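Shown below: input25.pdb, with PDB, C-alpha atoms.
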```
ATOM      1  CA  MET A 200      83.981  80.875 113.269
ATOM      2  CA  ASP A 201      81.361  83.630 112.949
ATOM      3  CA  PRO A 202      81.735  86.399 110.298
ATOM      4  CA  THR A 203      82.714  89.036 112.889
ATOM      5  CA  SER A 204      85.536  86.851 114.211
ATOM      6  CA  VAL A 205      86.725  86.085 110.667
ATOM      7  CA  THR A 206      86.838  89.798 109.829
ATOM      8  CA  PHE A 207      88.665  90.598 113.062
ATOM      9  CA  LEU A 208      91.225  87.850 112.398
ATOM     10  CA  LEU A 209      91.783  89.081 108.857
ATOM     11  CA  VAL A 210      92.317  92.666 110.029
ATOM     12  CA  PHE A 211      94.681  91.401 112.741
ATOM     13  CA  LEU A 212      96.791  89.436 110.235
ATOM     14  CA  ILE A 213      96.933  92.377 107.813
ATOM     15  CA  ALA A 214      98.115  94.530 110.739
ATOM     16  CA  VAL A 215     100.810  91.939 111.544
ATOM     17  CA  ALA A 216     101.885  91.956 107.881
ATOM     18  CA  LEU A 217     102.131  95.750 107.882
ATOM     19  CA  PHE A 218     104.080  95.578 111.154
ATOM     20  CA  PHE A 219     106.558  93.287 109.406
ATOM     21  CA  ASP A 220     106.693  95.855 106.592
ATOM     22  CA  LEU A 221     107.427  98.573 109.158
ATOM     23  CA  LEU A 222     110.211  96.483 110.693
ATOM     24  CA  ASN A 223     111.526  95.765 107.203
ATOM     25  CA  GLY A 224     111.812  99.499 106.595
ATOM     26  CA  MET A 225     113.532 100.016 109.957
ATOM     27  CA  HIS A 226     115.797  96.993 109.514
ATOM     28  CA  ASP A 227     116.745  97.755 105.919
ATOM     29  CA  ALA A 228     116.930 101.553 106.214
ATOM     30  CA  ALA A 229     120.650 100.991 106.698
ATOM     31  CA  ASN A 230     120.869  99.542 103.192
ATOM     32  CA  ALA A 231     119.753 102.792 101.640
ATOM     33  CA  ILE A 232     121.500 105.320 103.874
ATOM     34  CA  ALA A 233     124.639 103.698 105.321
ATOM     35  CA  THR A 234     126.966 104.811 102.535
ATOM     36  CA  VAL A 235     125.638 108.368 102.312
ATOM     37  CA  VAL A 236     125.916 108.742 106.106
ATOM     38  CA  SER A 237     129.383 107.175 106.371
ATOM     39  CA  THR A 238     130.740 109.549 103.710
ATOM     40  CA  ARG A 239     129.089 112.475 105.566
ATOM     41  CA  VAL A 240     127.205 113.627 102.493
ATOM     42  CA  LEU A 241     124.034 113.775 104.595
ATOM     43  CA  SER A 242     123.411 113.714 108.326
ATOM     44  CA  PRO A 243     121.545 110.632 109.590
ATOM     45  CA  PHE A 244     118.307 112.608 110.026
ATOM     46  CA  TYR A 245     118.214 114.001 106.485
ATOM     47  CA  ALA A 246     119.490 110.722 105.017
ATOM     48  CA  VAL A 247     116.563 108.862 106.570
ATOM     49  CA  LEU A 248     114.063 111.393 105.215
ATOM     50  CA  TRP A 249     115.699 111.184 101.781
ATOM     51  CA  ALA A 250     115.550 107.384 101.724
ATOM     52  CA  ALA A 251     111.977 107.277 103.066
ATOM     53  CA  PHE A 252     110.724 109.658 100.369
ATOM     54  CA  PHE A 253     112.207 107.597  97.551
ATOM     55  CA  ASN A 254     111.076 104.312  99.144
ATOM     56  CA  PHE A 255     107.532 105.653  98.837
ATOM     57  CA  ALA A 256     108.082 107.206  95.396
ATOM     58  CA  ALA A 257     109.121 103.750  94.163
ATOM     59  CA  TYR A 258     105.447 102.772  94.020
ATOM     60  CA  PHE A 259     104.614 105.418  91.406
ATOM     61  CA  ILE A 260     107.760 104.691  89.412
ATOM     62  CA  GLY A 261     107.023 100.953  89.428
ATOM     63  CA  HIS A 262     103.395 101.613  88.466
ATOM     64  CA  TYR A 263     104.518 103.742  85.533
ATOM     65  CA  PHE A 264     106.828 101.026  84.224
ATOM     66  CA  GLY A 265     104.399  98.203  85.016
ATOM     67  CA  PHE A 266     106.361  96.184  87.577
ATOM     68  CA  GLU A 267     104.797  97.336  90.858
ATOM     69  CA  ALA A 268     103.407  93.860  91.619
ATOM     70  CA  LYS A 269     105.738  91.317  89.945
ATOM     71  CA  VAL A 270     107.672  90.493  93.122
ATOM     72  CA  ALA A 271     104.404  90.401  95.102
ATOM     73  CA  SER A 272     103.093  87.696  92.773
ATOM     74  CA  THR A 273     106.215  85.598  93.299
ATOM     75  CA  ILE A 274     105.909  85.863  97.094
ATOM     76  CA  GLY A 275     102.147  85.282  97.076
ATOM     77  CA  LYS A 276     101.952  82.255  94.793
ATOM     78  CA  GLY A 277     105.480  81.356  93.720
ATOM     79  CA  LEU A 278     106.869  79.805  96.925
ATOM     80  CA  ILE A 279     104.045  77.669  98.307
ATOM     81  CA  ASN A 280     100.803  76.645  96.667
ATOM     82  CA  PRO A 281      98.252  79.404  97.423
ATOM     83  CA  GLU A 282      95.536  76.746  97.722
ATOM     84  CA  MET A 283      97.294  75.480 100.856
ATOM     85  CA  VAL A 284      97.556  78.891 102.508
ATOM     86  CA  THR A 285      95.532  79.400 105.673
ATOM     87  CA  ASN A 286      95.435  82.140 108.290
ATOM     88  CA  ALA A 287      97.654  80.033 110.541
ATOM     89  CA  VAL A 288     100.231  79.675 107.736
ATOM     90  CA  ILE A 289     100.334  83.445 107.244
ATOM     91  CA  PHE A 290     100.572  83.997 111.002
ATOM     92  CA  GLY A 291     103.446  81.537 111.292
ATOM     93  CA  ALA A 292     105.313  82.978 108.288
ATOM     94  CA  LEU A 293     105.042  86.564 109.534
ATOM     95  CA  MET A 294     105.888  85.829 113.166
ATOM     96  CA  GLY A 295     108.903  83.731 112.184
ATOM     97  CA  ALA A 296     110.219  86.534 109.972
ATOM     98  CA  ILE A 297     109.458  89.244 112.547
ATOM     99  CA  THR A 298     111.173  87.328 115.352
ATOM    100  CA  TRP A 299     114.313  86.795 113.293
ATOM    101  CA  ASN A 300     114.314  90.455 112.221
ATOM    102  CA  VAL A 301     114.084  91.653 115.818
ATOM    103  CA  ILE A 302     116.905  89.341 116.941
ATOM    104  CA  THR A 303     119.277  90.459 114.169
ATOM    105  CA  TRP A 304     118.241  94.119 114.546
ATOM    106  CA  ARG A 305     119.055  94.032 118.272
ATOM    107  CA  LEU A 306     122.431  92.454 117.508
ATOM    108  CA  GLY A 307     123.170  94.950 114.712
ATOM    109  CA  ILE A 308     123.491  92.192 112.104
ATOM    110  CA  PRO A 309     122.421  93.210 108.564
ATOM    111  CA  SER A 310     120.604  89.972 107.789
ATOM    112  CA  SER A 311     118.004  89.760 105.058
ATOM    113  CA  SER A 312     114.377  90.629 105.874
ATOM    114  CA  SER A 313     113.498  89.201 102.466
ATOM    115  CA  HIS A 314     115.000  85.824 103.168
ATOM    116  CA  ALA A 315     113.509  85.831 106.665
ATOM    117  CA  LEU A 316     110.113  86.173 104.989
ATOM    118  CA  VAL A 317     110.933  83.498 102.405
ATOM    119  CA  GLY A 318     112.065  81.184 105.197
ATOM    120  CA  GLY A 319     108.932  82.001 107.163
ATOM    121  CA  ILE A 320     106.643  81.165 104.247
ATOM    122  CA  ILE A 321     108.437  77.893 103.534
ATOM    123  CA  GLY A 322     108.589  76.864 107.211
ATOM    124  CA  ALA A 323     104.906  77.548 107.864
ATOM    125  CA  GLY A 324     103.844  75.942 104.562
ATOM    126  CA  VAL A 325     105.830  72.768 105.218
ATOM    127  CA  ALA A 326     104.495  72.594 108.794
ATOM    128  CA  LYS A 327     100.968  72.726 107.347
ATOM    129  CA  ALA A 328     101.174  70.347 104.376
ATOM    130  CA  GLY A 329     104.673  68.909 104.146
ATOM    131  CA  PHE A 330     107.088  69.486 101.288
ATOM    132  CA  SER A 331     104.291  69.074  98.737
ATOM    133  CA  ALA A 332     103.241  72.635  99.621
ATOM    134  CA  ILE A 333     106.408  74.078  98.056
ATOM    135  CA  VAL A 334     106.370  75.490  94.523
ATOM    136  CA  TRP A 335     109.833  74.253  93.639
ATOM    137  CA  GLY A 336     110.210  76.388  90.512
ATOM    138  CA  GLY A 337     109.625  79.629  92.408
ATOM    139  CA  LEU A 338     111.751  78.560  95.355
ATOM    140  CA  SER A 339     114.658  77.521  93.123
ATOM    141  CA  LYS A 340     114.512  80.905  91.364
ATOM    142  CA  THR A 341     114.698  82.637  94.733
ATOM    143  CA  LEU A 342     117.560  80.449  95.951
ATOM    144  CA  VAL A 343     119.531  81.118  92.761
ATOM    145  CA  ALA A 344     118.969  84.834  93.350
ATOM    146  CA  ILE A 345     120.439  84.442  96.850
ATOM    147  CA  VAL A 346     123.739  83.610  95.158
ATOM    148  CA  LEU A 347     123.510  85.816  92.081
ATOM    149  CA  SER A 348     122.432  89.084  93.726
ATOM    150  CA  PRO A 349     125.513  89.477  95.965
ATOM    151  CA  VAL A 350     127.814  88.277  93.192
ATOM    152  CA  THR A 351     126.274  90.798  90.795
ATOM    153  CA  GLY A 352     126.563  93.614  93.349
ATOM    154  CA  PHE A 353     130.179  92.688  94.106
ATOM    155  CA  VAL A 354     131.250  92.522  90.444
ATOM    156  CA  LEU A 355     129.431  95.716  89.464
ATOM    157  CA  GLY A 356     130.953  97.507  92.450
ATOM    158  CA  ILE A 357     134.483  96.587  91.364
ATOM    159  CA  LEU A 358     133.853  97.428  87.703
ATOM    160  CA  LEU A 359     132.349 100.825  88.513
ATOM    161  CA  VAL A 360     135.246 101.792  90.788
ATOM    162  CA  VAL A 361     137.785 100.760  88.143
ATOM    163  CA  LEU A 362     135.906 102.631  85.399
ATOM    164  CA  ILE A 363     135.417 105.798  87.454
ATOM    165  CA  SER A 364     139.042 105.767  88.647
ATOM    166  CA  TRP A 365     140.220 105.560  85.039
ATOM    167  CA  LEU A 366     137.878 108.324  83.850
ATOM    168  CA  PHE A 367     138.909 110.723  86.650
ATOM    169  CA  VAL A 368     142.587 109.823  86.843
ATOM    170  CA  ARG A 369     143.679 113.344  85.786
ATOM    171  CA  ALA A 370     140.920 115.251  87.531
ATOM    172  CA  ASN A 371     141.480 117.662  90.408
ATOM    173  CA  PRO A 372     140.974 115.620  93.627
ATOM    174  CA  ALA A 373     139.073 118.372  95.469
ATOM    175  CA  ARG A 374     136.705 118.970  92.554
ATOM    176  CA  THR A 375     136.251 115.236  92.052
ATOM    177  CA  GLU A 376     135.250 114.721  95.672
ATOM    178  CA  GLY A 377     132.815 117.637  95.471
ATOM    179  CA  PHE A 378     131.263 116.169  92.327
ATOM    180  CA  PHE A 379     130.781 112.719  93.873
ATOM    181  CA  ARG A 380     129.355 114.167  97.078
ATOM    182  CA  LYS A 381     126.601 115.724  94.971
ATOM    183  CA  LEU A 382     126.273 112.580  92.830
ATOM    184  CA  GLN A 383     125.723 110.479  95.951
ATOM    185  CA  LEU A 384     122.413 112.239  96.507
ATOM    186  CA  PHE A 385     121.265 110.874  93.150
ATOM    187  CA  THR A 386     122.721 107.382  93.564
ATOM    188  CA  SER A 387     121.321 106.971  97.088
ATOM    189  CA  ALA A 388     117.906 108.008  95.728
ATOM    190  CA  LEU A 389     118.254 105.376  92.989
ATOM    191  CA  TYR A 390     119.087 102.713  95.540
ATOM    192  CA  SER A 391     116.152 103.728  97.754
ATOM    193  CA  ILE A 392     113.824 103.394  94.763
ATOM    194  CA  GLY A 393     115.235  99.933  94.048
ATOM    195  CA  HIS A 394     114.912  98.975  97.712
ATOM    196  CA  GLY A 395     111.304 100.149  97.935
ATOM    197  CA  SER A 396     110.356  98.527  94.631
ATOM    198  CA  ASN A 397     111.572  95.096  95.684
ATOM    199  CA  ASP A 398     110.970  94.966  99.428
ATOM    200  CA  ALA A 399     107.538  96.578  99.825
ATOM    201  CA  GLN A 400     106.105  94.190  97.249
ATOM    202  CA  LYS A 401     106.977  91.188  99.414
ATOM    203  CA  THR A 402     104.548  92.199 102.145
ATOM    204  CA  ALA A 403     101.985  93.051  99.467
ATOM    205  CA  GLY A 404     102.235  89.467  98.219
ATOM    206  CA  ILE A 405     101.562  88.137 101.722
ATOM    207  CA  ILE A 406      98.454  90.312 102.148
ATOM    208  CA  ALA A 407      97.236  89.417  98.641
ATOM    209  CA  VAL A 408      97.423  85.654  99.260
ATOM    210  CA  LEU A 409      95.763  86.186 102.653
ATOM    211  CA  LEU A 410      92.817  87.933 100.984
ATOM    212  CA  TYR A 411      92.619  85.125  98.404
ATOM    213  CA  ALA A 412      92.711  82.412 101.072
ATOM    214  CA  ASN A 413      89.815  84.110 102.895
ATOM    215  CA  GLY A 414      87.693  84.258  99.745
ATOM    216  CA  TYR A 415      87.799  87.990  99.130
ATOM    217  CA  TYR A 416      89.012  87.401  95.561
ATOM    218  CA  ALA A 417      88.070  84.517  93.275
ATOM    219  CA  GLU A 418      91.645  84.253  92.005
ATOM    220  CA  PHE A 419      95.007  85.454  93.256
ATOM    221  CA  THR A 420      95.437  89.150  92.562
ATOM    222  CA  VAL A 421      97.435  92.013  94.076
ATOM    223  CA  PRO A 422      95.085  94.996  94.606
ATOM    224  CA  ALA A 423      96.518  98.480  94.136
ATOM    225  CA  TRP A 424      95.443  99.548  97.640
ATOM    226  CA  VAL A 425      97.499  96.728  99.139
ATOM    227  CA  VAL A 426     100.642  97.704  97.234
ATOM    228  CA  LEU A 427     100.226 101.402  98.056
ATOM    229  CA  SER A 428      99.676 100.626 101.762
ATOM    230  CA  CYS A 429     102.857  98.552 101.872
ATOM    231  CA  PHE A 430     104.936 101.230 100.161
ATOM    232  CA  THR A 431     103.606 103.824 102.609
ATOM    233  CA  VAL A 432     104.383 101.734 105.693
ATOM    234  CA  MET A 433     107.813 100.851 104.286
ATOM    235  CA  GLY A 434     108.568 104.576 103.973
ATOM    236  CA  VAL A 435     107.487 105.199 107.568
ATOM    237  CA  GLY A 436     109.675 102.330 108.766
ATOM    238  CA  THR A 437     112.640 103.749 106.902
ATOM    239  CA  MET A 438     112.090 107.093 108.631
ATOM    240  CA  LEU A 439     112.394 105.326 111.990
ATOM    241  CA  GLY A 440     115.831 104.084 110.946
ATOM    242  CA  GLY A 441     118.099 101.273 112.093
ATOM    243  CA  TRP A 442     121.191 102.905 113.542
ATOM    244  CA  ARG A 443     123.008  99.804 114.808
ATOM    245  CA  ILE A 444     123.007  98.348 111.306
ATOM    246  CA  VAL A 445     123.951 101.710 109.757
ATOM    247  CA  HIS A 446     127.125 101.586 111.834
ATOM    248  CA  THR A 447     127.975  98.053 110.670
ATOM    249  CA  MET A 448     127.228  98.735 107.013
ATOM    250  CA  GLY A 449     128.754 102.199 106.848
ATOM    251  CA  SER A 450     131.995 101.846 108.752
ATOM    252  CA  LYS A 451     132.757  98.372 110.082
ATOM    253  CA  ILE A 452     133.031  96.638 106.686
ATOM    254  CA  THR A 453     135.253  99.260 105.014
ATOM    255  CA  ARG A 454     135.791 103.018 105.005
ATOM    256  CA  LEU A 455     134.169 104.679 102.004
ATOM    257  CA  THR A 456     134.900 107.826 100.017
ATOM    258  CA  PRO A 457     132.059 109.658  98.228
ATOM    259  CA  MET A 458     133.185 108.117  94.923
ATOM    260  CA  GLN A 459     133.113 104.605  96.397
ATOM    261  CA  GLY A 460     129.773 105.281  98.048
ATOM    262  CA  ALA A 461     128.276 106.392  94.732
ATOM    263  CA  CYS A 462     129.658 103.285  93.006
ATOM    264  CA  ALA A 463     128.269 100.955  95.697
ATOM    265  CA  GLU A 464     124.823 102.557  95.530
ATOM    266  CA  THR A 465     124.767 102.443  91.734
ATOM    267  CA  ALA A 466     125.823  98.789  91.681
ATOM    268  CA  GLY A 467     123.134  97.947  94.224
ATOM    269  CA  ALA A 468     120.448  99.910  92.386
ATOM    270  CA  MET A 469     121.243  98.258  89.033
ATOM    271  CA  THR A 470     120.971  94.807  90.605
ATOM    272  CA  LEU A 471     117.672  95.597  92.329
ATOM    273  CA  PHE A 472     116.061  97.166  89.256
ATOM    274  CA  GLY A 473     116.899  94.094  87.195
ATOM    275  CA  ALA A 474     115.579  91.694  89.830
ATOM    276  CA  THR A 475     112.358  93.652  90.359
ATOM    277  CA  TYR A 476     111.688  93.786  86.622
ATOM    278  CA  LEU A 477     112.056  89.983  86.507
ATOM    279  CA  GLY A 478     109.829  89.552  89.579
ATOM    280  CA  ILE A 479     112.606  88.034  91.708
ATOM    281  CA  PRO A 480     112.508  88.744  95.486
ATOM    282  CA  VAL A 481     116.191  89.373  96.157
ATOM    283  CA  SER A 482     117.837  90.576  99.321
ATOM    284  CA  THR A 483     118.555  94.295  99.389
ATOM    285  CA  THR A 484     120.926  93.611 102.295
ATOM    286  CA  HIS A 485     122.938  91.069 100.301
ATOM    287  CA  THR A 486     123.060  93.408  97.341
ATOM    288  CA  ILE A 487     124.394  96.546  99.022
ATOM    289  CA  THR A 488     126.735  94.671 101.374
ATOM    290  CA  SER A 489     128.411  92.857  98.497
ATOM    291  CA  ALA A 490     128.618  96.110  96.536
ATOM    292  CA  ILE A 491     130.347  97.793  99.500
ATOM    293  CA  VAL A 492     132.771  94.868  99.775
ATOM    294  CA  GLY A 493     133.360  95.104  96.020
ATOM    295  CA  VAL A 494     134.247  98.796  96.000
ATOM    296  CA  GLY A 495     136.409  98.333  99.095
ATOM    297  CA  SER A 496     138.373  95.427  97.641
ATOM    298  CA  ALA A 497     138.849  97.298  94.368
ATOM    299  CA  ARG A 498     141.010  99.742  96.311
ATOM    300  CA  ARG A 499     142.964  96.984  98.028
ATOM    301  CA  VAL A 500     142.025  93.640  99.494
ATOM    302  CA  HIS A 501     143.083  94.631 103.009
ATOM    303  CA  ALA A 502     140.745  97.642 102.944
ATOM    304  CA  VAL A 503     137.867  95.265 103.728
ATOM    305  CA  ARG A 504     137.419  93.912 107.248
ATOM    306  CA  TRP A 505     136.857  90.355 106.089
ATOM    307  CA  GLY A 506     136.098  89.123 109.605
ATOM    308  CA  ILE A 507     133.040  91.386 109.808
ATOM    309  CA  ALA A 508     132.046  90.442 106.257
ATOM    310  CA  GLY A 509     132.361  86.766 107.189
ATOM    311  CA  GLN A 510     130.044  87.196 110.184
ATOM    312  CA  ILE A 511     127.469  88.817 107.895
ATOM    313  CA  VAL A 512     127.730  85.933 105.416
ATOM    314  CA  TRP A 513     127.083  83.424 108.197
ATOM    315  CA  ALA A 514     123.991  85.435 109.171
ATOM    316  CA  TRP A 515     122.815  85.151 105.550
ATOM    317  CA  ILE A 516     123.337  81.379 105.536
ATOM    318  CA  ILE A 517     121.317  80.706 108.685
ATOM    319  CA  THR A 518     118.511  83.235 108.032
ATOM    320  CA  ILE A 519     116.224  80.999 105.948
ATOM    321  CA  PRO A 520     116.496  77.839 108.100
ATOM    322  CA  ALA A 521     116.272  79.837 111.347
ATOM    323  CA  SER A 522     113.209  81.828 110.295
ATOM    324  CA  ALA A 523     111.647  78.676 108.816
ATOM    325  CA  ALA A 524     112.017  76.820 112.127
ATOM    326  CA  MET A 525     110.524  79.745 114.038
ATOM    327  CA  ALA A 526     107.669  80.013 111.533
ATOM    328  CA  ALA A 527     106.869  76.311 111.888
ATOM    329  CA  ALA A 528     106.636  76.724 115.665
ATOM    330  CA  PHE A 529     104.380  79.781 115.333
ATOM    331  CA  TYR A 530     102.210  77.887 112.819
ATOM    332  CA  VAL A 531     101.609  75.144 115.385
ATOM    333  CA  ILE A 532     100.541  77.817 117.894
ATOM    334  CA  GLY A 533      98.386  79.652 115.357
ATOM    335  CA  ALA A 534      96.663  76.480 114.126
ATOM    336  CA  ARG A 535      95.182  75.968 117.589
ATOM    337  CA  PHE A 536      93.438  79.322 117.582
ATOM    338  CA  MET A 537      92.763  80.061 113.902
TER     339      MET A 537
END
```

Can you dump the structure from the file as structure tokens?
Amino acid sequence: MDPTSVTFLLVFLIAVALFFDLLNGMHDAANAIATVVSTRVLSPFYAVLWAAFFNFAAYFIGHYFGFEAKVASTIGKGLINPEMVTNAVIFGALMGAITWNVITWRLGIPSSSSHALVGGIIGAGVAKAGFSAIVWGGLSKTLVAIVLSPVTGFVLGILLVVLISWLFVRANPARTEGFFRKLQLFTSALYSIGHGSNDAQKTAGIIAVLLYANGYYAEFTVPAWVVLSCFTVMGVGTMLGGWRIVHTMGSKITRLTPMQGACAETAGAMTLFGATYLGIPVSTTHTITSAIVGVGSARRVHAVRWGIAGQIVWAWIITIPASAAMAAAFYVIGARFM
């Protein structure tokens, strides 16, 4: 392949990666804004702008604290051996994840974009080189996080509701609601920062390993321009919203008060900050959904529509194998032309 064709292919694949990042922002916008919209603290329009701003601001916050590329490194070299990555593998991984995202977005199912990407990487890598391509240590860490992140969100959600209820037991109800309506602006911003910090880095890891595989860097590295581009596109995607999923997350699972919304967002943000600091690519969808279920069940078990929650759990279970199968098929197609 001549140099012009190689450059064109590289630009095309980076564009596909950024398109996935855009869809990720659209698909997962519901994670950041569903609670603040359902409690009517902000209108959908202003909630989207609020979340998009803090998704983008997450880059500068992560850069200040030194963890703006930890998750990107895990995605780029911690799931499959970067030496086995080719353009066709990246194409397959991205197209498998994008296809699954579009299907679940159209159906209004809050599945995990993160796990769709993980499944895509694994499916395309295995299609290329068999199971020897997998970095089992990194994959096992990610799979453990699949279980721990929703459990952590659920437990923190319950604990925060119990603690806040005890602290405000004698407070004036009207004043308390007013206080938590204002507090939700802060907690939703925190969650949006956590969401941006973890999710935008995943696409950055894909682009970084793509550049390495094409010889642009002698060793795997995550350039600052790549991370900043991904955070920017993520913010734009969030601005475009995902209203079907907002409806599922904000009202179908359980009805939320401003206090419960603030607790769910705080529980989700705490989980995401911890995971991002450790470089673990967790699901923001899993995290906030389990936190919402936690705060709802803290009120009473029957406050949660467990049938809806069960459907979401099944979507979580099939996301990785479904996206992996799609990615393997797209790899076969891509290998013929790349």

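Once the PyMOL selection byres ((chain A and resi 493) around 9) is applied to the shown structure, the selection contains A:Gly352, A:Phe353, A:Val354, A:Leu355, A:Gly356, A:Ile357, A:Leu358, A:Val360, A:Ala463, A:Thr488, A:Ser489, A:Ala490, A:Ile491, A:Val492, A:Val494, A:Gly495, A:Ser496, A:Ala497, A:Arg498, A:Val503.
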
Taking all atoms listed in the file into account, produce a table as JSON lines in which each residue of range 323-355 of chain A with an atom at most 12 Å from an atom of range 276-296 of chain A appears once, together with its shortest atom pair and the distance in Å to one decimal, ordered by chain and rising number.
```
{"residue": "A:Ala323", "atom": "CA", "partner": "A:Val288", "partner_atom": "CA", "distance": 5.1}
{"residue": "A:Gly324", "atom": "CA", "partner": "A:Val288", "partner_atom": "CA", "distance": 6.1}
{"residue": "A:Val325", "atom": "CA", "partner": "A:Ile279", "partner_atom": "CA", "distance": 8.7}
{"residue": "A:Ala326", "atom": "CA", "partner": "A:Val288", "partner_atom": "CA", "distance": 8.3}
{"residue": "A:Lys327", "atom": "CA", "partner": "A:Val288", "partner_atom": "CA", "distance": 7.0}
{"residue": "A:Ala328", "atom": "CA", "partner": "A:Met283", "partner_atom": "CA", "distance": 7.3}
{"residue": "A:Gly329", "atom": "CA", "partner": "A:Met283", "partner_atom": "CA", "distance": 10.4}
{"residue": "A:Phe330", "atom": "CA", "partner": "A:Ile279", "partner_atom": "CA", "distance": 9.2}
{"residue": "A:Ser331", "atom": "CA", "partner": "A:Asn280", "partner_atom": "CA", "distance": 8.6}
{"residue": "A:Ala332", "atom": "CA", "partner": "A:Ile279", "partner_atom": "CA", "distance": 5.3}
{"residue": "A:Ile333", "atom": "CA", "partner": "A:Ile279", "partner_atom": "CA", "distance": 4.3}
{"residue": "A:Val334", "atom": "CA", "partner": "A:Ile279", "partner_atom": "CA", "distance": 4.9}
{"residue": "A:Trp335", "atom": "CA", "partner": "A:Leu278", "partner_atom": "CA", "distance": 7.1}
{"residue": "A:Gly336", "atom": "CA", "partner": "A:Gly277", "partner_atom": "CA", "distance": 7.6}
{"residue": "A:Gly337", "atom": "CA", "partner": "A:Gly277", "partner_atom": "CA", "distance": 4.7}
{"residue": "A:Leu338", "atom": "CA", "partner": "A:Leu278", "partner_atom": "CA", "distance": 5.3}
{"residue": "A:Ser339", "atom": "CA", "partner": "A:Leu278", "partner_atom": "CA", "distance": 9.0}
{"residue": "A:Lys340", "atom": "CA", "partner": "A:Gly277", "partner_atom": "CA", "distance": 9.3}
{"residue": "A:Thr341", "atom": "CA", "partner": "A:Leu278", "partner_atom": "CA", "distance": 8.6}
{"residue": "A:Leu342", "atom": "CA", "partner": "A:Leu278", "partner_atom": "CA", "distance": 10.8}
```

Close residues, Leu477 in chain A itself excluded, 10 Å, all atoms listed in the file, min 4 positions apart in chain, as an mmCIF file with C-alpha atoms, keeping the file's coordinate frame:
```cif
data_model
loop_
_atom_site.group_PDB
_atom_site.id
_atom_site.type_symbol
_atom_site.label_atom_id
_atom_site.label_comp_id
_atom_site.auth_asym_id
_atom_site.auth_seq_id
_atom_site.Cartn_x
_atom_site.Cartn_y
_atom_site.Cartn_z
ATOM 1 C CA PHE A 266 106.361 96.184 87.577
ATOM 2 C CA LYS A 269 105.738 91.317 89.945
ATOM 3 C CA VAL A 270 107.672 90.493 93.122
ATOM 4 C CA THR A 273 106.215 85.598 93.299
ATOM 5 C CA LEU A 471 117.672 95.597 92.329
ATOM 6 C CA PHE A 472 116.061 97.166 89.256
ATOM 7 C CA GLY A 473 116.899 94.094 87.195
#
```

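The shortest atom-to-atom distance to Tyr390 in chain A, with only C-alpha atoms taken into account, belongs to A:Cys462 out of A:Ala534, A:Met433, A:Val350, A:Cys462.
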
>> Restricting the calculation to only C-alpha atoms: of A:Gly393, A:Gly322, A:Pro520, A:Gly265, which residue gets closest to Thr484 in chain A?
In response: A:Gly393

> Expanded to explicit residues, what is the PyMOL selection byres ((chain A and resi 217-224) around 7) for this file, as an MDAnalysis selection string?
Replying inline: chainID A and resid 213:216 225:228 293 297 312 399 402 429 432:437

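The two atoms in question, CA of Met438 in chain A and CA of Leu248 in chain A, are spaced 5.8 Å apart.
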
>> Given the PyMOL selection byres ((chain A and resi 244) around 12) and the file above, list the residues it selects as a PyMOL selection string.
In response: chain A and resi 228+232-233+235-236+239-243+245-251+437-442

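Distance annotation: of A:Tyr258, A:Ala523, A:Tyr416, A:Val317, the residue with the minimal separation from Ser428 in chain A is A:Tyr258; atom set is only C-alpha atoms.
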
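Interatomic distance, CA of Leu316 in chain A against CA of Thr386 in chain A: 27.2 Å.
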
> If you measure from CA of Phe259 in chain A to CA of Ser313 in chain A, what distance in Å do you get, rounded to one decimal?
Replying inline: 21.5 Å

> From the set A:Trp515, A:Arg535, A:Leu410, A:Phe253, which residue has the shortest atom-to-atom contact distance to Gly318 in chain A, counting only C-alpha atoms?
Replying inline: A:Trp515

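Nearest to Phe385 in chain A of all the residues A:Trp513, A:Pro457, A:Tyr476, A:Val531 is A:Pro457, counting only C-alpha atoms.
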
> Pick the closest to Met525 in chain A from A:Val210, A:Ile302, A:Leu389, A:Ala257: which is it, counting only C-alpha atoms?
Replying inline: A:Ile302

Axis-aligned box for range 280-283 of chain A, 6 Å per side, centre and edges in Å as AutoDock Vina command-line options:
```
--center_x 98.2 --center_y 77.4 --center_z 98.8 --size_x 17.3 --size_y 15.9 --size_z 16.2
```

Extract range 338-344 of chain A from the structure I just pasted (atoms: N, CA and C atoms) and return it as a PDB file, in the first residue's frame.
```pdb
ATOM      1  N   LEU A 338      -7.573  -8.087  30.960  1.00  0.00           N
ATOM      2  CA  LEU A 338      -8.963  -8.473  30.746  1.00  0.00           C
ATOM      3  C   LEU A 338      -9.623  -8.893  32.048  1.00  0.00           C
ATOM      4  N   SER A 339      -8.898  -9.660  32.876  1.00  0.00           N
ATOM      5  CA  SER A 339      -9.479 -10.101  34.151  1.00  0.00           C
ATOM      6  C   SER A 339      -9.776  -8.909  35.055  1.00  0.00           C
ATOM      7  N   LYS A 340      -8.883  -7.897  35.035  1.00  0.00           N
ATOM      8  CA  LYS A 340      -9.137  -6.690  35.829  1.00  0.00           C
ATOM      9  C   LYS A 340     -10.407  -5.990  35.367  1.00  0.00           C
ATOM     10  N   THR A 341     -10.609  -5.948  34.056  1.00  0.00           N
ATOM     11  CA  THR A 341     -11.799  -5.308  33.509  1.00  0.00           C
ATOM     12  C   THR A 341     -13.055  -6.106  33.851  1.00  0.00           C
ATOM     13  N   LEU A 342     -12.966  -7.432  33.755  1.00  0.00           N
ATOM     14  CA  LEU A 342     -14.128  -8.265  34.055  1.00  0.00           C
ATOM     15  C   LEU A 342     -14.509  -8.185  35.531  1.00  0.00           C
ATOM     16  N   VAL A 343     -13.497  -8.112  36.402  1.00  0.00           N
ATOM     17  CA  VAL A 343     -13.786  -7.934  37.834  1.00  0.00           C
ATOM     18  C   VAL A 343     -14.489  -6.597  38.057  1.00  0.00           C
ATOM     19  N   ALA A 344     -14.050  -5.570  37.321  1.00  0.00           N
ATOM     20  CA  ALA A 344     -14.673  -4.254  37.460  1.00  0.00           C
ATOM     21  C   ALA A 344     -16.117  -4.264  36.985  1.00  0.00           C
TER      22      ALA A 344
END
```
